[in-house]
Amino acid sequence: MMEFNWLNPWQAERCCCAEVSNIPASWPEFCEQYWQIQARYPQAQILFSLDDYPQACYTSMHSISANNLDDNTDCDTSAFAQDMDQGDYCGDDEEHFQFMMIKQNLARLVQATPVESLYVERWDFFGEYGSHEQDYLAFYQHPSRIMDIEEAHLFVVPVEENHLSLAAFPNGYWTDNLSPQQNARLAQLLKTQFGLHLFAIGAMFIGFIKTRNLSTTEQDALYQLCVTMYSKLNPSSETYMPALVPVFKQVIAEQPVLLLSFSD
């Protein structure tokens with residue numbers, strides 16, 4: 001079983017975080033344990049870190065700033081108004097205040113993010129983890145192939161909507177990346193259309209767990225959606241990889257998780 005070193009205790013409406021050890025050796029086992037953890041926190045969403053945790057922390061910090069996610073201009077700060085006026089919020093309270101701002105801003109930005117903004121062919125499909133179709137398939141052999149298990153973290157995020165769990169660890173900073181709000185919009189879309197549940201994000205990848213078996217029609221629709229996002233799947237692209245197509249379709253049909261790059 002996964003073990004947790006809690007960095008701050010769980011409190012209602014407050015985001016908490018833990019270092020994770022004993023990551024399972026297979027994705028089916030990981031998913032089983034994930035749902036067990038999620039069941040312990042019915043009023044929250046569980047989000048794991050994925051690839052390259054130190055880099056993901058760096059890009060998260062900058063993505064928050066670049067997208068003004070912690071700007072309180074358009075947020076309801078009534079719960080913090082007195083403390084803000086007196087300037088005496090600090091430590092855990094300051095972190096909670098920042099999370100509340102990010103959550104409100106992310107929700108607002110997601111609503112303003114058109115689905116069409118996701119349909120931009122991205123050159124990258126493998127990140128720094130390979131360049132061959134078998135490299136992508138290897139992600140699914142063991143969580144450690146893509147998850148930074150030496151520095152894995154878990155967030156218990158007090159939000160109702162799964163895509164807004166990204167408020168705990170927003171990512172997507174570089175110019176050609178999906179932004180935090182686009183990643184959240186993608187998560188919202190995949191949940192609504194295909195029942196894919198956001199479970200992790202890293203510096204370059206975002207992960208989803210299947211909540212049900214997809215019909216052949218749904219598998220085809222999911223594949224076609226990804227064609228609009230990744231040039232390596234698009235036959236009209238100069239970087240098209242025909243050998244990747246059956247591998248990716250196999251992943252959609254058979255694997256319990258789906259791992260997608262949001263980095264160019």
# chains A, B, ... in the order shown; residues from 1 in each chain; ligands from 1

$ closest_atom_pairs --of "segment 103-132 of chain A" --to "segment 177-193 of chain A" --cutoff "9 Å" --atoms "only C-alpha atoms" --output "CSV"
residue,atom,partner,partner_atom,distance
A:Leu106,CA,A:Gln181,CA,6.1
A:Ala107,CA,A:Gln181,CA,8.1
A:Arg108,CA,A:Gln181,CA,9.0
A:Leu109,CA,A:Gln181,CA,6.0
A:Val110,CA,A:Gln181,CA,5.2
A:Gln111,CA,A:Arg185,CA,8.1
A:Ala112,CA,A:Gln181,CA,8.9
A:Thr113,CA,A:Gln182,CA,6.7
A:Pro114,CA,A:Arg185,CA,8.1
A:Val115,CA,A:Arg185,CA,7.1
A:Ser117,CA,A:Gln182,CA,7.6
A:Leu118,CA,A:Gln182,CA,6.8
A:Arg122,CA,A:Asn177,CA,8.7

$ residues_around --residues "Phe199 of chain A" --least-positions-apart "2" --cutoff "9 Å" --atoms "only C-alpha atoms" --output "JSON, numbers by chain"
{"A": [34, 45, 46, 47, 48, 49, 162, 165, 197, 201, 206, 207, 208, 209]}

$ closest_atom_pairs --of "segment 174-264 of chain A" --to "segment 135-138 of chain A" --cutoff "9 Å" --atoms "only C-alpha atoms" --output "Markdown table"
| residue | atom | partner | partner_atom | distance |
| --- | --- | --- | --- | --- |
| A:Leu244 | CA | A:Tyr136 | CA | 8.5 |
| A:Val247 | CA | A:Leu137 | CA | 6.8 |
| A:Phe248 | CA | A:Leu137 | CA | 7.9 |
| A:Val251 | CA | A:Leu137 | CA | 7.6 |

$ write_last_selection --atoms "all heavy atoms" --output "PDB file, in the first residue's frame"
ATOM      1  N   LEU A 244       2.841   5.036 -34.469  1.00  0.00           N
ATOM      2  CA  LEU A 244       2.295   5.439 -33.170  1.00  0.00           C
ATOM      3  C   LEU A 244       0.789   5.224 -33.098  1.00  0.00           C
ATOM      4  O   LEU A 244       0.241   5.008 -32.017  1.00  0.00           O
ATOM      5  CB  LEU A 244       2.626   6.913 -32.906  1.00  0.00           C
ATOM      6  CG  LEU A 244       2.145   7.526 -31.591  1.00  0.00           C
ATOM      7  CD1 LEU A 244       2.770   6.803 -30.391  1.00  0.00           C
ATOM      8  CD2 LEU A 244       2.494   9.012 -31.538  1.00  0.00           C
ATOM      9  N   VAL A 247      -0.466   1.922 -31.567  1.00  0.00           N
ATOM     10  CA  VAL A 247      -0.049   1.902 -30.158  1.00  0.00           C
ATOM     11  C   VAL A 247      -0.976   2.774 -29.325  1.00  0.00           C
ATOM     12  O   VAL A 247      -1.447   2.361 -28.252  1.00  0.00           O
ATOM     13  CB  VAL A 247       1.418   2.376 -30.024  1.00  0.00           C
ATOM     14  CG1 VAL A 247       1.769   2.640 -28.555  1.00  0.00           C
ATOM     15  CG2 VAL A 247       2.371   1.354 -30.603  1.00  0.00           C
ATOM     16  N   PHE A 248      -1.256   3.970 -29.812  1.00  0.00           N
ATOM     17  CA  PHE A 248      -2.121   4.884 -29.069  1.00  0.00           C
ATOM     18  C   PHE A 248      -3.550   4.362 -29.003  1.00  0.00           C
ATOM     19  O   PHE A 248      -4.208   4.458 -27.949  1.00  0.00           O
ATOM     20  CB  PHE A 248      -2.082   6.273 -29.703  1.00  0.00           C
ATOM     21  CG  PHE A 248      -2.737   7.335 -28.866  1.00  0.00           C
ATOM     22  CD1 PHE A 248      -2.233   7.657 -27.620  1.00  0.00           C
ATOM     23  CD2 PHE A 248      -3.856   8.008 -29.319  1.00  0.00           C
ATOM     24  CE1 PHE A 248      -2.835   8.639 -26.829  1.00  0.00           C
ATOM     25  CE2 PHE A 248      -4.462   8.993 -28.548  1.00  0.00           C
ATOM     26  CZ  PHE A 248      -3.952   9.295 -27.304  1.00  0.00           C
ATOM     27  N   VAL A 251      -3.686   1.781 -26.375  1.00  0.00           N
ATOM     28  CA  VAL A 251      -3.716   2.386 -25.043  1.00  0.00           C
ATOM     29  C   VAL A 251      -5.137   2.822 -24.697  1.00  0.00           C
ATOM     30  O   VAL A 251      -5.637   2.543 -23.596  1.00  0.00           O
ATOM     31  CB  VAL A 251      -2.745   3.581 -24.982  1.00  0.00           C
ATOM     32  CG1 VAL A 251      -3.023   4.446 -23.758  1.00  0.00           C
ATOM     33  CG2 VAL A 251      -1.299   3.097 -24.965  1.00  0.00           C
TER      34      VAL A 251
END

$ closest_residue --among "A:Ala167, A:Ala203, A:Leu50, A:Met147" --to "Phe262 of chain A" --atoms "only C-alpha atoms"
A:Ala203

$ closest_residue --among "A:Gly172, A:Ala243, A:Leu259, A:Lys103" --to "Gln55 of chain A" --atoms "only C-alpha atoms"
A:Gly172

$ select_by_dssp --residues "segment 46-261 of chain A" --states "alpha helix (DSSP H)" --output "ChimeraX atom specification"
/A:53-66,81-86,91-111,133-138,180-194,216-227,244-254

$ closest_residue --among "A:Ile149, A:Ala66, A:Ala39, A:Ala44" --to "Asn22 of chain A" --atoms "only C-alpha atoms"
A:Ile149

$ decode --residues "segment 28-62 of chain A" --atoms "N, CA and C atoms" --output "mmCIF file, in the first residue's frame"
data_model
loop_
_atom_site.group_PDB
_atom_site.id
_atom_site.type_symbol
_atom_site.label_atom_id
_atom_site.label_comp_id
_atom_site.auth_asym_id
_atom_site.auth_seq_id
_atom_site.Cartn_x
_atom_site.Cartn_y
_atom_site.Cartn_z
ATOM 1 N N PRO A 28 -3.027 -0.848 -12.859
ATOM 2 C CA PRO A 28 -4.277 -1.332 -12.243
ATOM 3 C C PRO A 28 -4.240 -1.283 -10.722
ATOM 4 N N GLU A 29 -3.097 -1.677 -10.135
ATOM 5 C CA GLU A 29 -2.972 -1.620 -8.678
ATOM 6 C C GLU A 29 -2.978 -0.175 -8.194
ATOM 7 N N PHE A 30 -2.309 0.711 -8.936
ATOM 8 C CA PHE A 30 -2.315 2.126 -8.566
ATOM 9 C C PHE A 30 -3.750 2.659 -8.571
ATOM 10 N N CYS A 31 -4.497 2.353 -9.621
ATOM 11 C CA CYS A 31 -5.869 2.861 -9.727
ATOM 12 C C CYS A 31 -6.739 2.353 -8.588
ATOM 13 N N GLU A 32 -6.573 1.080 -8.228
ATOM 14 C CA GLU A 32 -7.347 0.525 -7.116
ATOM 15 C C GLU A 32 -7.063 1.284 -5.829
ATOM 16 N N GLN A 33 -5.779 1.545 -5.565
ATOM 17 C CA GLN A 33 -5.432 2.274 -4.352
ATOM 18 C C GLN A 33 -5.863 3.734 -4.441
ATOM 19 N N TYR A 34 -5.799 4.304 -5.644
ATOM 20 C CA TYR A 34 -6.247 5.694 -5.814
ATOM 21 C C TYR A 34 -7.702 5.843 -5.365
ATOM 22 N N TRP A 35 -8.566 4.939 -5.814
ATOM 23 C CA TRP A 35 -9.986 5.056 -5.475
ATOM 24 C C TRP A 35 -10.220 4.806 -3.989
ATOM 25 N N GLN A 36 -9.384 3.995 -3.378
ATOM 26 C CA GLN A 36 -9.484 3.805 -1.934
ATOM 27 C C GLN A 36 -9.154 5.103 -1.199
ATOM 28 N N ILE A 37 -8.124 5.799 -1.669
ATOM 29 C CA ILE A 37 -7.757 7.085 -1.063
ATOM 30 C C ILE A 37 -8.863 8.110 -1.295
ATOM 31 N N GLN A 38 -9.370 8.144 -2.531
ATOM 32 C CA GLN A 38 -10.432 9.104 -2.843
ATOM 33 C C GLN A 38 -11.648 8.885 -1.960
ATOM 34 N N ALA A 39 -11.956 7.632 -1.637
ATOM 35 C CA ALA A 39 -13.121 7.324 -0.807
ATOM 36 C C ALA A 39 -12.968 7.856 0.614
ATOM 37 N N ARG A 40 -11.745 8.069 1.056
ATOM 38 C CA ARG A 40 -11.525 8.597 2.409
ATOM 39 C C ARG A 40 -11.860 10.093 2.483
ATOM 40 N N TYR A 41 -11.866 10.752 1.334
ATOM 41 C CA TYR A 41 -12.075 12.204 1.301
ATOM 42 C C TYR A 41 -13.210 12.531 0.331
ATOM 43 N N PRO A 42 -14.443 12.182 0.669
ATOM 44 C CA PRO A 42 -15.561 12.380 -0.253
ATOM 45 C C PRO A 42 -15.848 13.847 -0.568
ATOM 46 N N GLN A 43 -15.341 14.750 0.256
ATOM 47 C CA GLN A 43 -15.588 16.179 0.019
ATOM 48 C C GLN A 43 -14.420 16.845 -0.719
ATOM 49 N N ALA A 44 -13.510 16.032 -1.235
ATOM 50 C CA ALA A 44 -12.329 16.578 -1.908
ATOM 51 C C ALA A 44 -11.996 15.738 -3.126
ATOM 52 N N GLN A 45 -11.027 16.215 -3.905
ATOM 53 C CA GLN A 45 -10.497 15.495 -5.049
ATOM 54 C C GLN A 45 -9.030 15.183 -4.781
ATOM 55 N N ILE A 46 -8.586 13.994 -5.202
ATOM 56 C CA ILE A 46 -7.212 13.569 -4.998
ATOM 57 C C ILE A 46 -6.405 13.807 -6.269
ATOM 58 N N LEU A 47 -5.277 14.494 -6.120
ATOM 59 C CA LEU A 47 -4.396 14.776 -7.254
ATOM 60 C C LEU A 47 -2.971 14.367 -6.895
ATOM 61 N N PHE A 48 -2.342 13.582 -7.760
ATOM 62 C CA PHE A 48 -0.946 13.196 -7.593
ATOM 63 C C PHE A 48 -0.053 14.048 -8.487
ATOM 64 N N SER A 49 1.198 14.180 -8.086
ATOM 65 C CA SER A 49 2.205 14.698 -9.007
ATOM 66 C C SER A 49 2.544 13.587 -9.986
ATOM 67 N N LEU A 50 3.049 13.949 -11.176
ATOM 68 C CA LEU A 50 3.341 12.936 -12.181
ATOM 69 C C LEU A 50 4.839 12.966 -12.498
ATOM 70 N N ASP A 51 5.218 13.528 -13.631
ATOM 71 C CA ASP A 51 6.621 13.509 -14.041
ATOM 72 C C ASP A 51 7.411 14.669 -13.437
ATOM 73 N N ASP A 52 8.680 14.449 -13.167
ATOM 74 C CA ASP A 52 9.678 15.462 -12.806
ATOM 75 C C ASP A 52 9.135 16.469 -11.785
ATOM 76 N N TYR A 53 8.963 16.011 -10.542
ATOM 77 C CA TYR A 53 8.349 16.862 -9.522
ATOM 78 C C TYR A 53 9.084 18.183 -9.292
ATOM 79 N N PRO A 54 10.430 18.213 -9.189
ATOM 80 C CA PRO A 54 11.092 19.512 -8.985
ATOM 81 C C PRO A 54 10.811 20.504 -10.110
ATOM 82 N N GLN A 55 10.870 20.022 -11.359
ATOM 83 C CA GLN A 55 10.578 20.905 -12.481
ATOM 84 C C GLN A 55 9.114 21.317 -12.470
ATOM 85 N N ALA A 56 8.234 20.402 -12.089
ATOM 86 C CA ALA A 56 6.810 20.732 -12.044
ATOM 87 C C ALA A 56 6.530 21.805 -10.999
ATOM 88 N N CYS A 57 7.260 21.768 -9.884
ATOM 89 C CA CYS A 57 7.104 22.817 -8.865
ATOM 90 C C CYS A 57 7.545 24.171 -9.423
ATOM 91 N N TYR A 58 8.647 24.157 -10.155
ATOM 92 C CA TYR A 58 9.161 25.397 -10.746
ATOM 93 C C TYR A 58 8.161 25.971 -11.749
ATOM 94 N N THR A 59 7.682 25.135 -12.662
ATOM 95 C CA THR A 59 6.758 25.641 -13.679
ATOM 96 C C THR A 59 5.401 25.990 -13.074
ATOM 97 N N SER A 60 5.007 25.295 -11.998
ATOM 98 C CA SER A 60 3.748 25.642 -11.340
ATOM 99 C C SER A 60 3.829 27.045 -10.749
ATOM 100 N N MET A 61 4.919 27.324 -10.069
ATOM 101 C CA MET A 61 5.102 28.648 -9.475
ATOM 102 C C MET A 61 5.009 29.734 -10.541
ATOM 103 N N HIS A 62 5.676 29.502 -11.670
ATOM 104 C CA HIS A 62 5.675 30.516 -12.722
ATOM 105 C C HIS A 62 4.341 30.564 -13.471
#
